[in-house]
file run.txt (compact mmCIF, C-alpha atoms)
# COMPACT_ATOMS: atom_id res chain seq x y z
CA MET A 15 -108.07 28.07 41.91
CA LYS A 16 -110.77 26.60 39.65
CA TYR A 17 -108.06 25.23 37.34
CA GLU A 18 -106.43 23.30 40.19
CA LYS A 19 -109.78 21.91 41.30
CA ASN A 20 -110.61 20.76 37.77
CA LEU A 21 -107.14 19.28 37.37
CA GLU A 22 -107.58 17.36 40.61
CA SER A 23 -110.92 15.96 39.43
CA ILE A 24 -109.13 14.36 36.45
CA VAL A 25 -106.19 13.19 38.55
CA SER A 26 -108.63 11.58 40.97
CA ILE A 27 -110.10 9.41 38.20
CA ILE A 28 -106.64 8.18 37.18
CA LYS A 29 -105.67 7.57 40.80
CA GLN A 30 -108.79 5.44 41.33
CA GLY A 31 -107.28 2.97 38.86
CA GLU A 32 -104.47 2.02 41.25
CA LYS A 33 -104.51 -1.71 42.08
CA SER A 34 -102.43 -4.21 43.98
CA LEU A 35 -100.55 -6.85 41.98
CA ASN A 36 -103.11 -9.54 42.75
CA GLN A 37 -105.85 -7.28 41.34
CA PHE A 38 -104.15 -6.78 37.96
CA ARG A 39 -106.37 -7.55 35.00
CA ILE A 40 -106.26 -7.23 31.21
CA GLY A 41 -109.00 -5.44 29.30
CA VAL A 42 -109.46 -5.96 25.56
CA GLU A 43 -111.53 -4.29 22.86
CA PHE A 44 -111.81 -6.18 19.56
CA GLU A 45 -113.04 -4.18 16.55
CA HIS A 46 -114.34 -5.89 13.40
CA ILE A 47 -115.54 -4.91 9.93
CA VAL A 48 -118.61 -6.69 8.55
CA VAL A 49 -118.54 -7.30 4.77
CA LYS A 50 -120.44 -9.17 2.10
CA GLU A 51 -118.83 -12.57 1.52
CA ASP A 52 -118.85 -12.46 -2.27
CA THR A 53 -117.53 -8.91 -2.79
CA LEU A 54 -116.04 -7.82 0.57
CA GLN A 55 -118.07 -4.61 0.21
CA SER A 56 -119.16 -2.85 3.37
CA VAL A 57 -122.37 -3.64 5.20
CA THR A 58 -123.91 -0.40 6.43
CA TYR A 59 -125.81 0.16 9.65
CA TYR A 60 -129.30 0.76 8.36
CA GLY A 61 -132.13 -1.74 8.07
CA GLU A 62 -132.72 -5.39 8.86
CA GLU A 63 -130.10 -6.44 6.30
CA GLY A 64 -127.54 -4.16 7.91
CA ILE A 65 -125.75 -3.95 11.25
CA GLU A 66 -129.00 -2.87 12.88
CA GLY A 67 -130.59 -6.16 11.86
CA ILE A 68 -127.63 -8.13 13.21
CA LEU A 69 -127.95 -6.37 16.57
CA ASN A 70 -131.68 -7.13 16.63
CA LYS A 71 -130.92 -10.83 16.11
CA LEU A 72 -128.40 -10.75 18.97
CA LEU A 73 -131.12 -9.39 21.26
CA LEU A 74 -132.76 -12.81 20.95
CA LYS A 75 -129.63 -14.38 22.48
CA GLY A 76 -130.05 -12.57 25.78
CA TYR A 77 -128.25 -9.27 25.18
CA LYS A 78 -129.81 -6.01 26.39
CA GLY A 79 -130.15 -3.20 23.89
CA LYS A 80 -128.84 0.37 24.02
CA TYR A 81 -130.81 2.88 21.98
CA GLU A 82 -130.45 6.39 20.64
CA GLU A 83 -133.94 7.54 19.74
CA GLU A 84 -135.38 4.61 17.76
CA TYR A 85 -132.00 3.19 16.75
CA LEU A 86 -130.42 0.15 18.38
CA VAL A 87 -126.76 1.18 18.68
CA GLY A 88 -125.28 -1.24 21.20
CA LEU A 89 -125.73 -4.32 23.37
CA THR A 90 -124.64 -5.40 26.83
CA GLY A 91 -124.09 -8.88 28.16
CA GLU A 92 -122.94 -10.19 31.51
CA ASP A 93 -119.24 -10.05 30.64
CA ARG A 94 -119.13 -8.03 27.42
CA GLU A 95 -120.42 -4.95 25.66
CA ILE A 96 -120.99 -4.54 21.92
CA THR A 97 -120.74 -1.04 20.50
CA LEU A 98 -120.52 0.55 17.07
CA GLU A 99 -117.73 2.60 15.59
CA PRO A 100 -118.73 5.41 13.19
CA GLY A 101 -118.77 3.35 9.99
CA GLY A 102 -120.66 0.46 11.58
CA GLN A 103 -117.56 -1.43 12.74
CA LEU A 104 -118.56 -3.88 15.49
CA GLU A 105 -116.57 -3.63 18.71
CA ILE A 106 -116.74 -6.09 21.57
CA SER A 107 -115.34 -4.85 24.88
CA ILE A 108 -114.60 -7.68 27.27
CA LYS A 109 -114.69 -7.19 31.03
CA PRO A 110 -111.20 -6.99 32.62
CA CYS A 111 -109.96 -10.57 33.06
CA GLY A 112 -107.26 -12.17 35.19
CA THR A 113 -106.17 -14.64 32.51
CA ILE A 114 -105.95 -14.75 28.74
CA ASP A 115 -107.91 -18.02 28.76
CA GLU A 116 -110.82 -16.15 30.32
CA ILE A 117 -110.66 -13.50 27.58
CA LYS A 118 -110.59 -16.26 24.93
CA SER A 119 -113.63 -17.96 26.42
CA ILE A 120 -115.71 -14.76 26.39
CA TYR A 121 -114.55 -13.78 22.91
CA PHE A 122 -115.27 -17.18 21.39
CA ASN A 123 -118.71 -17.19 23.01
CA PHE A 124 -119.34 -13.90 21.23
CA LEU A 125 -118.20 -15.43 17.91
CA ASN A 126 -120.53 -18.37 18.45
CA ASP A 127 -123.37 -15.90 19.00
CA ILE A 128 -122.77 -13.67 15.98
CA VAL A 129 -121.26 -15.84 13.25
CA PRO A 130 -124.39 -17.98 12.63
CA ILE A 131 -126.35 -14.74 12.13
CA LEU A 132 -123.77 -13.54 9.63
CA GLU A 133 -123.65 -16.90 7.84
CA GLU A 134 -127.40 -16.74 7.19
CA ARG A 135 -126.81 -13.46 5.39
CA ASN A 136 -123.62 -14.44 3.52
CA LEU A 137 -121.59 -11.95 5.54
CA LEU A 138 -118.08 -12.16 7.00
CA LEU A 139 -116.72 -10.77 10.25
CA MET A 140 -113.34 -9.39 9.25
CA ALA A 141 -110.42 -8.78 11.61
CA ILE A 142 -108.37 -6.34 9.55
CA GLY A 143 -106.94 -2.88 10.23
CA TYR A 144 -108.54 -1.04 7.29
CA HIS A 145 -111.55 -1.75 5.11
CA PRO A 146 -110.63 -4.32 2.42
CA LYS A 147 -112.83 -2.97 -0.38
CA SER A 148 -115.29 -0.11 0.12
CA SER A 149 -114.10 3.49 -0.11
CA ILE A 150 -114.87 5.93 2.69
CA ASP A 151 -117.40 7.78 0.51
CA GLN A 152 -119.41 4.55 0.17
CA ILE A 153 -119.76 4.04 3.94
CA PRO A 154 -122.39 6.15 5.74
CA PHE A 155 -122.00 7.20 9.37
CA ASN A 156 -124.15 5.29 11.82
CA PRO A 157 -126.86 7.32 13.62
CA LYS A 158 -125.07 7.87 16.97
CA LYS A 159 -125.26 11.58 17.87
CA ARG A 160 -121.66 11.57 19.10
CA TYR A 161 -120.41 10.80 15.60
CA GLU A 162 -122.43 13.62 14.03
CA TYR A 163 -120.42 16.13 16.07
CA MET A 164 -117.13 14.29 15.59
CA SER A 165 -117.40 13.91 11.81
CA LYS A 166 -117.90 17.63 11.28
CA TYR A 167 -115.19 18.72 13.73
CA LEU A 168 -112.51 16.20 12.80
CA GLY A 169 -113.22 16.53 9.08
CA GLU A 170 -111.85 20.07 9.32
CA LYS A 171 -108.73 19.00 11.26
CA GLY A 172 -107.07 16.17 9.36
CA LYS A 173 -107.15 14.79 5.83
CA TYR A 174 -107.64 11.21 7.04
CA ALA A 175 -110.11 11.94 9.87
CA HIS A 176 -113.05 10.27 8.15
CA ASN A 177 -110.82 7.37 7.07
CA MET A 178 -110.05 6.86 10.75
CA MET A 179 -113.69 7.02 11.77
CA LYS A 180 -115.24 4.82 9.07
CA GLY A 181 -112.39 2.70 7.70
CA THR A 182 -110.21 1.50 10.57
CA ALA A 183 -110.52 -1.34 13.08
CA ALA A 184 -108.26 -1.86 16.09
CA LEU A 185 -107.27 -4.26 18.84
CA GLN A 186 -106.91 -2.25 22.05
CA VAL A 187 -105.43 -3.67 25.25
CA SER A 188 -105.71 -2.10 28.72
CA ILE A 189 -103.35 -2.66 31.64
CA ASP A 190 -103.30 -1.77 35.34
CA TYR A 191 -100.78 0.07 37.51
CA ILE A 192 -99.94 -0.04 41.23
CA ASN A 193 -99.36 3.65 41.90
CA GLU A 194 -98.16 6.81 40.17
CA GLU A 195 -94.58 5.61 39.84
CA ASP A 196 -95.78 2.43 38.14
CA PHE A 197 -98.09 4.51 35.94
CA ILE A 198 -95.14 6.72 34.93
CA ARG A 199 -93.06 3.70 33.90
CA LYS A 200 -95.82 1.95 31.97
CA PHE A 201 -97.10 5.08 30.26
CA ARG A 202 -93.58 6.00 29.15
CA VAL A 203 -92.68 2.50 27.93
CA ALA A 204 -95.95 2.19 26.01
CA ASN A 205 -95.26 5.42 24.14
CA PHE A 206 -91.60 4.48 23.62
CA ILE A 207 -92.45 1.18 21.90
CA SER A 208 -95.50 2.54 20.05
CA PRO A 209 -93.82 2.45 16.58
CA LEU A 210 -92.91 -1.21 17.17
CA LEU A 211 -96.42 -2.18 18.29
CA TYR A 212 -97.83 -0.56 15.14
CA LEU A 213 -95.36 -2.58 13.05
CA ILE A 214 -95.88 -5.87 14.91
CA SER A 215 -99.66 -5.66 14.58
CA ASP A 216 -99.76 -4.15 11.08
CA ASN A 217 -102.72 -5.74 9.30
CA SER A 218 -103.73 -2.96 6.90
CA PRO A 219 -102.71 -4.10 3.41
CA ILE A 220 -105.31 -2.04 1.52
CA PHE A 221 -106.01 1.70 1.51
CA GLU A 222 -109.05 2.90 -0.41
CA GLY A 223 -109.07 -0.11 -2.70
CA GLN A 224 -105.34 -0.12 -3.48
CA ILE A 225 -102.45 -2.13 -2.01
CA TYR A 226 -100.67 0.02 0.58
CA TYR A 227 -96.99 -0.69 -0.03
CA LYS A 228 -95.61 1.01 3.06
CA PHE A 229 -96.05 0.02 6.73
CA GLY A 230 -98.27 1.01 9.64
CA LEU A 231 -101.19 2.53 7.73
CA ARG A 232 -103.34 3.05 10.85
CA SER A 233 -100.51 4.99 12.46
CA LEU A 234 -100.34 7.30 9.44
CA ILE A 235 -104.12 7.76 9.47
CA TRP A 236 -104.13 8.70 13.17
CA GLU A 237 -101.29 11.16 12.63
CA ASN A 238 -103.49 12.89 10.05
CA THR A 239 -106.70 12.93 12.10
CA ASP A 240 -106.22 15.71 14.67
CA LYS A 241 -102.79 16.66 15.97
CA GLN A 242 -104.22 17.81 19.31
CA ARG A 243 -105.78 14.48 20.26
CA SER A 244 -103.90 11.71 18.45
CA ASP A 245 -100.32 10.39 18.04
CA ILE A 246 -98.33 10.41 21.32
CA VAL A 247 -99.33 12.68 24.21
CA PRO A 248 -97.07 15.78 24.06
CA ASN A 249 -94.10 15.67 26.47
CA SER A 250 -94.80 12.08 27.49
CA LEU A 251 -91.12 11.27 26.84
CA ASN A 252 -89.65 14.73 27.39
CA LYS A 253 -90.11 14.57 31.15
CA LYS A 254 -91.26 12.43 34.04
CA PHE A 255 -94.91 12.27 33.01
CA GLY A 256 -97.36 11.57 35.84
CA TYR A 257 -101.02 11.96 36.77
CA LYS A 258 -101.03 15.77 36.79
CA ASP A 259 -99.23 15.96 33.47
CA TYR A 260 -101.88 13.79 31.87
CA GLY A 261 -104.60 15.86 33.54
CA LYS A 262 -103.09 19.07 32.09
CA TYR A 263 -103.10 17.45 28.66
CA ILE A 264 -106.82 16.68 28.98
CA LEU A 265 -107.57 20.25 30.08
CA SER A 266 -105.70 21.66 27.06
CA VAL A 267 -107.65 19.77 24.37
CA PRO A 268 -111.05 20.64 22.85
CA PRO A 269 -113.31 17.66 23.63
CA ILE A 270 -115.57 18.26 20.57
CA LEU A 271 -118.58 17.36 22.69
CA VAL A 272 -119.44 16.72 26.33
CA MET A 273 -122.21 14.82 28.01
CA LYS A 274 -124.22 16.83 30.52
CA ASP A 275 -127.28 15.41 32.28
CA GLY A 276 -127.61 12.67 29.69
CA GLU A 277 -127.45 14.99 26.68
CA PHE A 278 -124.61 15.65 24.24
CA ILE A 279 -123.48 19.26 23.90
CA GLY A 280 -121.23 20.32 21.02
CA THR A 281 -118.32 22.42 22.26
CA GLY A 282 -116.45 23.43 19.10
CA ASP A 283 -112.90 24.67 19.68
CA LYS A 284 -113.32 25.39 23.38
CA THR A 285 -110.84 23.46 25.52
CA VAL A 286 -111.80 21.25 28.43
CA GLU A 287 -110.38 23.93 30.73
CA GLN A 288 -112.73 26.55 29.26
CA ILE A 289 -115.74 24.25 29.36
CA MET A 290 -115.14 23.27 32.98
CA GLU A 291 -115.27 26.98 33.82
CA GLU A 292 -118.84 27.01 32.44
CA TYR A 293 -120.26 23.72 33.72
CA THR A 294 -120.01 21.57 36.80
CA PHE A 295 -119.53 17.95 35.76
CA SER A 296 -120.08 14.72 37.64
CA GLU A 297 -117.27 12.18 37.86
CA GLU A 298 -118.99 10.08 35.19
CA GLU A 299 -119.23 13.10 32.88
CA ILE A 300 -115.53 13.91 33.40
CA ALA A 301 -114.68 10.29 32.61
CA HIS A 302 -116.58 10.71 29.32
CA ILE A 303 -114.56 13.85 28.52
CA MET A 304 -111.40 11.77 28.98
CA THR A 305 -112.56 9.44 26.19
CA MET A 306 -112.67 12.32 23.70
CA VAL A 307 -108.92 12.20 23.10
CA PHE A 308 -107.40 9.39 21.03
CA PRO A 309 -103.64 9.22 21.59
CA ASP A 310 -101.67 6.03 21.07
CA VAL A 311 -101.64 5.58 24.85
CA ARG A 312 -104.65 6.83 26.81
CA ALA A 313 -105.37 6.97 30.54
CA LYS A 314 -108.64 6.55 32.40
CA HIS A 315 -108.93 4.05 35.26
CA TYR A 316 -106.27 2.11 33.39
CA ILE A 317 -103.67 2.59 30.66
CA GLU A 318 -105.04 1.81 27.22
CA LEU A 319 -102.67 0.80 24.40
CA ARG A 320 -104.40 1.76 21.15
CA MET A 321 -101.72 0.88 18.57
CA GLY A 322 -102.85 -2.60 17.55
CA ASP A 323 -104.59 -3.30 14.23
CA SER A 324 -107.52 -5.69 14.35
CA LEU A 325 -106.04 -9.19 13.98
CA PRO A 326 -107.59 -12.57 13.20
CA TYR A 327 -107.27 -15.56 15.51
CA PRO A 328 -104.75 -16.71 16.71
CA TYR A 329 -102.64 -13.59 16.10
CA ASN A 330 -104.95 -11.41 18.19
CA PHE A 331 -104.16 -13.50 21.26
CA SER A 332 -100.45 -13.52 20.43
CA TYR A 333 -100.54 -9.72 20.54
CA ILE A 334 -102.49 -9.62 23.82
CA THR A 335 -100.03 -12.10 25.34
CA LEU A 336 -97.09 -9.95 24.22
CA ILE A 337 -98.58 -6.93 26.01
CA LYS A 338 -99.08 -8.97 29.16
CA GLY A 339 -95.54 -10.35 28.97
CA ILE A 340 -94.03 -6.87 28.72
CA PHE A 341 -96.12 -4.81 31.13
CA TYR A 342 -96.81 -7.40 33.83
CA ASN A 343 -93.16 -8.44 33.96
CA GLU A 344 -90.81 -6.43 36.15
CA ILE A 345 -87.68 -7.51 34.23
CA ALA A 346 -89.08 -6.47 30.85
CA LEU A 347 -90.69 -3.29 32.13
CA GLU A 348 -87.60 -2.03 33.93
CA TYR A 349 -85.31 -2.87 30.98
CA LEU A 350 -87.51 -0.97 28.53
CA TYR A 351 -88.05 1.91 30.95
CA LYS A 352 -84.31 2.46 31.35
CA LEU A 353 -83.88 2.26 27.59
CA SER A 354 -86.68 4.78 27.10
CA LEU A 355 -84.92 7.38 29.26
CA ARG A 356 -82.61 8.04 26.32
CA ALA A 357 -85.56 9.01 24.08
CA GLU A 358 -87.71 12.12 23.72
CA ASP A 359 -90.90 12.83 21.81
CA ASP A 360 -89.14 13.90 18.61
CA GLN A 361 -87.23 10.62 18.38
CA ILE A 362 -90.47 8.63 18.55
CA HIS A 363 -91.96 10.76 15.78
CA ILE A 364 -88.84 10.13 13.68
CA ALA A 365 -89.03 6.39 14.46
CA LYS A 366 -92.65 6.31 13.29
CA ASP A 367 -91.74 8.03 10.04
CA LEU A 368 -88.95 5.52 9.47
CA MET A 369 -91.29 2.64 10.34
CA HIS A 370 -93.78 3.82 7.70
CA GLU A 371 -91.05 3.81 5.06
CA LYS A 372 -88.71 0.97 6.03
CA GLY A 373 -90.72 -1.41 8.23
CA PHE A 374 -88.40 -3.86 9.96
CA GLY A 375 -85.40 -1.95 8.63
CA ALA A 376 -86.29 1.17 10.63
CA HIS A 377 -84.51 2.19 13.83
CA ILE A 378 -85.53 3.44 17.24
CA GLY A 379 -82.46 5.30 18.33
CA SER A 380 -79.51 2.99 17.68
CA LYS A 381 -81.54 -0.24 17.58
CA ALA A 382 -82.97 -1.74 14.39
CA ALA A 383 -86.70 -2.41 14.64
CA TYR A 384 -86.22 -6.11 13.86
CA ASP A 385 -83.61 -6.56 16.61
CA PHE A 386 -85.69 -4.55 19.07
CA ILE A 387 -88.76 -6.71 18.37
CA ARG A 388 -86.79 -9.92 18.97
CA ILE A 389 -85.64 -8.49 22.33
CA MET A 390 -89.24 -7.61 23.25
CA PHE A 391 -90.45 -11.15 22.59
CA ASP A 392 -87.56 -12.66 24.55
CA LEU A 393 -88.25 -10.34 27.47
CA ALA A 394 -91.98 -11.11 27.40
CA LYS A 395 -91.37 -14.86 27.69
CA LYS A 396 -89.60 -14.44 31.04
CA ALA A 397 -92.92 -13.91 32.83
CA LEU A 398 -95.22 -16.13 30.78
CA SER A 399 -96.42 -19.64 31.53
CA PRO A 400 -95.68 -22.47 29.04
CA GLU A 401 -99.26 -22.17 27.76
CA GLU A 402 -98.90 -18.42 27.25
CA LYS A 403 -95.62 -18.89 25.42
CA GLU A 404 -97.51 -21.14 23.00
CA LEU A 405 -100.00 -18.32 22.43
CA LEU A 406 -97.10 -16.01 21.58
CA MET A 407 -95.72 -18.28 18.86
CA PRO A 408 -97.91 -17.51 15.80
CA LEU A 409 -96.98 -13.82 15.80
CA GLU A 410 -93.37 -14.51 16.73
CA LYS A 411 -92.94 -16.95 13.83
CA LEU A 412 -94.13 -14.29 11.42
CA LEU A 413 -91.85 -11.61 12.81
CA ILE A 414 -88.74 -13.83 12.85
CA ASN A 415 -89.07 -13.88 9.06
CA LYS A 416 -89.52 -10.07 8.96
CA ASN A 417 -93.18 -10.44 8.11
CA ASN A 418 -96.39 -9.17 9.62
CA LEU A 419 -99.95 -9.94 8.56
CA SER A 420 -99.97 -6.96 6.21
CA THR A 421 -96.98 -8.21 4.18
CA ILE A 422 -98.54 -11.68 3.93
CA SER A 423 -101.90 -10.25 2.84
CA LYS A 424 -100.34 -8.00 0.20
CA GLU A 425 -98.77 -11.05 -1.40
CA ARG A 426 -102.12 -12.83 -1.38
CA VAL A 427 -103.85 -9.83 -2.95
CA ARG A 428 -101.22 -9.72 -5.70
CA ASN A 429 -101.85 -13.41 -6.42
CA GLU A 430 -105.59 -13.70 -5.81
CA GLY A 431 -107.03 -10.20 -5.91
CA VAL A 432 -109.01 -8.80 -3.00
CA SER A 433 -110.50 -12.25 -2.27
CA GLY A 434 -107.04 -13.11 -0.93
CA LEU A 435 -108.01 -11.16 2.20
CA LYS A 436 -110.82 -13.54 3.11
CA TRP A 437 -108.44 -15.47 5.36
CA CYS A 438 -108.81 -12.56 7.85
CA ASN A 439 -112.44 -13.44 8.51
CA LEU A 440 -113.49 -14.93 11.84
CA ASN A 441 -116.38 -17.02 10.51
CA GLN A 442 -113.89 -19.80 9.83
CA TRP A 443 -113.19 -20.24 13.54
CA VAL A 444 -116.82 -21.19 14.13
CA ARG A 445 -116.89 -23.26 10.95
CA GLY A 446 -114.04 -25.33 12.36
CA GLU A 447 -111.72 -24.84 9.42
CA GLU A 448 -108.26 -26.25 9.98
CA ASP A 449 -106.23 -23.08 9.47
CA VAL A 450 -107.45 -21.32 12.58
CA HIS A 451 -107.31 -23.91 15.37
CA ASN A 452 -104.44 -23.18 17.72
CA LYS A 453 -102.06 -22.19 14.97
CA GLY A 454 -101.49 -19.54 12.38
CA ILE A 455 -101.56 -19.70 8.63
CA ILE A 456 -97.80 -19.32 8.27

call {"tool": "encode", "arguments": {"input": "run.txt", "output": "structure tokens"}}
result
Amino acid sequence: MKYEKNLESIVSIIKQGEKSLNQFRIGVEFEHIVVKEDTLQSVTYYGEEGIEGILNKLLLKGYKGKYEEEYLVGLTGEDREITLEPGGQLEISIKPCGTIDEIKSIYFNFLNDIVPILEERNLLLMAIGYHPKSSIDQIPFNPKKRYEYMSKYLGEKGKYAHNMMKGTAALQVSIDYINEEDFIRKFRVANFISPLLYLISDNSPIFEGQIYYKFGLRSLIWENTDKQRSDIVPNSLNKKFGYKDYGKYILSVPPILVMKDGEFIGTGDKTVEQIMEEYTFSEEEIAHIMTMVFPDVRAKHYIELRMGDSLPYPYNFSYITLIKGIFYNEIALEYLYKLSLRAEDDQIHIAKDLMHEKGFGAHIGSKAAYDFIRIMFDLAKKALSPEEKELLMPLEKLLINKNNLSTISKERVRNEGVSGLKWCNLNQWVRGEEDVHNKGII
């Protein structure tokens, strides 16, 4: 009886995300890595010369601070929130927006706030999927209590857990759904195309100081973080996977830690089901528990697609536009949903393995990755405005030539050394350099 009640409390949170078509929005989280301009070495959290000092400077621009003990660990603005990932990566979460232009406006306002602070310190804001220079051992964890628990727990679960925490940076896009049937379609399609989204957005040319010659490094890192909470949600393609199925998944996973009455409590290997037998949680506390899993596709009040590497402008907005064009487009969604009915979990795992090895030469089922990607872009365009189709072009031009940002960057590193990655910095947008205005580098 208690199990059913706890399951319903999770289902209720997902159900609250239901929206009518005219309420559909797009949510975006941009993660960045801050490095020293001359060496591309990491900038750590601590001190006025570190991330802490950058956050303190942003306070002067009207942001409100979030603190853990004496440490400033986040900021909030009217339409954005700035948080820290474990290795000091800066994340900006933008309020759900009705248009991509609105997202661009908020994001560029953020860049105009932070880049002058970085320029004073000879620092770069990098949009790249994995740290360009520093090794994981050289990057300390920031002082957030949550990460103290996570680093110990995950470090015992997967060989790349700390690489995930301190070395990676992502571009995450969230979408809405009308009802459970729409949720089922979108959740399934998102998992079905997950290997392709990793490949499309691949911007991780370096792993621990060496060129990574395969594809989809972040995907590989997540697969070796914690099998219980990353990769695709089990059975998400083996069956019709709805609200209760996702709720059962949450109940089956150890959350590592929970928040109770404003305090973090470490929970070890106990599952959510076991912990909810011990404590009574508020809706907000249950929502926090739901953030302690990290699959490719995650559900809360929305569906979150977590496959994208951090991308520089304008490729980041190409990727966001592609997601909109697929998931807010009945023709594209239904086509991909029907195609996905032929696939099961194991086939997606196989497709990911092939993607790591062969890139655009991999297959999902009978379709070559390259051909499948071309179909996805063509489908996306059917629901996009002329202006949005223009936003799609920089990424599409790359992919037509069987390139992604990672393949381009590897070539630059071979020719120029690690400094060849500096084109992934976002300072240049504020500087007004020609490469970044409304077009790509290719």

call {"tool": "residues_around", "arguments": {"input": "run.txt", "residues": "A:Leu69", "least_positions_apart": "2", "cutoff": "12 Å", "atoms": "all atoms listed in the file", "output": "mmCIF file with C-alpha atoms, in the coordinates of the input"}}
result
data_model
loop_
_atom_site.group_PDB
_atom_site.id
_atom_site.type_symbol
_atom_site.label_atom_id
_atom_site.label_comp_id
_atom_site.auth_asym_id
_atom_site.auth_seq_id
_atom_site.Cartn_x
_atom_site.Cartn_y
_atom_site.Cartn_z
ATOM 1 C CA TYR A 59 -125.810 0.160 9.650
ATOM 2 C CA TYR A 60 -129.300 0.760 8.360
ATOM 3 C CA GLY A 61 -132.130 -1.740 8.070
ATOM 4 C CA GLU A 62 -132.720 -5.390 8.860
ATOM 5 C CA GLU A 63 -130.100 -6.440 6.300
ATOM 6 C CA GLY A 64 -127.540 -4.160 7.910
ATOM 7 C CA ILE A 65 -125.750 -3.950 11.250
ATOM 8 C CA GLU A 66 -129.000 -2.870 12.880
ATOM 9 C CA GLY A 67 -130.590 -6.160 11.860
ATOM 10 C CA LYS A 71 -130.920 -10.830 16.110
ATOM 11 C CA LEU A 72 -128.400 -10.750 18.970
ATOM 12 C CA LEU A 73 -131.120 -9.390 21.260
ATOM 13 C CA LEU A 74 -132.760 -12.810 20.950
ATOM 14 C CA LYS A 75 -129.630 -14.380 22.480
ATOM 15 C CA GLY A 76 -130.050 -12.570 25.780
ATOM 16 C CA TYR A 77 -128.250 -9.270 25.180
ATOM 17 C CA LYS A 78 -129.810 -6.010 26.390
ATOM 18 C CA GLY A 79 -130.150 -3.200 23.890
ATOM 19 C CA LYS A 80 -128.840 0.370 24.020
ATOM 20 C CA TYR A 81 -130.810 2.880 21.980
ATOM 21 C CA TYR A 85 -132.000 3.190 16.750
ATOM 22 C CA LEU A 86 -130.420 0.150 18.380
ATOM 23 C CA VAL A 87 -126.760 1.180 18.680
ATOM 24 C CA GLY A 88 -125.280 -1.240 21.200
ATOM 25 C CA LEU A 89 -125.730 -4.320 23.370
ATOM 26 C CA THR A 90 -124.640 -5.400 26.830
ATOM 27 C CA GLU A 95 -120.420 -4.950 25.660
ATOM 28 C CA ILE A 96 -120.990 -4.540 21.920
ATOM 29 C CA THR A 97 -120.740 -1.040 20.500
ATOM 30 C CA LEU A 98 -120.520 0.550 17.070
ATOM 31 C CA GLY A 102 -120.660 0.460 11.580
ATOM 32 C CA LEU A 104 -118.560 -3.880 15.490
ATOM 33 C CA GLU A 105 -116.570 -3.630 18.710
ATOM 34 C CA ASP A 127 -123.370 -15.900 19.000
ATOM 35 C CA ILE A 128 -122.770 -13.670 15.980
ATOM 36 C CA ILE A 131 -126.350 -14.740 12.130
ATOM 37 C CA LEU A 132 -123.770 -13.540 9.630
#

call {"tool": "atom_distance", "arguments": {"input": "run.txt", "atom1": "atom CA of A:Pro326", "atom2": "atom CA of A:Asn418"}}
result
12.2 Å

call {"tool": "residues_around", "arguments": {"input": "run.txt", "residues": "A:Asn415", "least_positions_apart": "5", "cutoff": "12 Å", "atoms": "all atoms listed in the file", "output": "list in words"}}
result
Phe374, Tyr384, Asp385, Ile387, Arg388, Pro408, Leu409, Glu410, Thr421, Ile422 and Ile456 of chain A

call {"tool": "residues_around", "arguments": {"input": "run.txt", "residues": "A:Phe341", "least_positions_apart": "2", "cutoff": "9 Å", "atoms": "only C-alpha atoms", "output": "list in words"}}
result
Ile189, Asp190, Lys200, Val203, Ala204, Leu336, Ile337, Lys338, Gly339, Asn343, Glu344, Ala346, Leu347 and Ala394 of chain A

call {"tool": "atom_distance", "arguments": {"input": "run.txt", "atom1": "atom CA of A:Leu21", "atom2": "atom CA of A:Glu291"}}
result
11.7 Å

call {"tool": "atom_distance", "arguments": {"input": "run.txt", "atom1": "atom CA of A:Met390", "atom2": "atom CA of A:Tyr349"}}
result
9.9 Å

call {"tool": "closest_residue", "arguments": {"input": "run.txt", "among": "A:Ile114, A:Ile264, A:Cys438, A:Leu213", "to": "A:Met290", "atoms": "all atoms listed in the file"}}
result
A:Ile264

call {"tool": "closest_residue", "arguments": {"input": "run.txt", "among": "A:Asp259, A:Asn126, A:Trp437, A:Ser399", "to": "A:Tyr327", "atoms": "all atoms listed in the file"}}
result
A:Trp437

call {"tool": "residues_near_point", "arguments": {"input": "run.txt", "point": "(-109.2, 7.8, 11.4)", "cutoff": "6 Å", "atoms": "all atoms listed in the file", "output": "number ranges by chain"}}
result
A: 174-179, 235-236, 239

call {"tool": "closest_residue", "arguments": {"input": "run.txt", "among": "A:Leu234, A:Ile246, A:Ile28, A:Met164", "to": "A:Ile270", "atoms": "all atoms listed in the file"}}
result
A:Met164

call {"tool": "residues_around", "arguments": {"input": "run.txt", "residues": "A:Gln103", "least_positions_apart": "5", "cutoff": "8 Å", "atoms": "only C-alpha atoms", "output": "list in words"}}
result
Glu45, His46, Ile47, Val48, Leu98, Lys180 and Ala183 of chain A
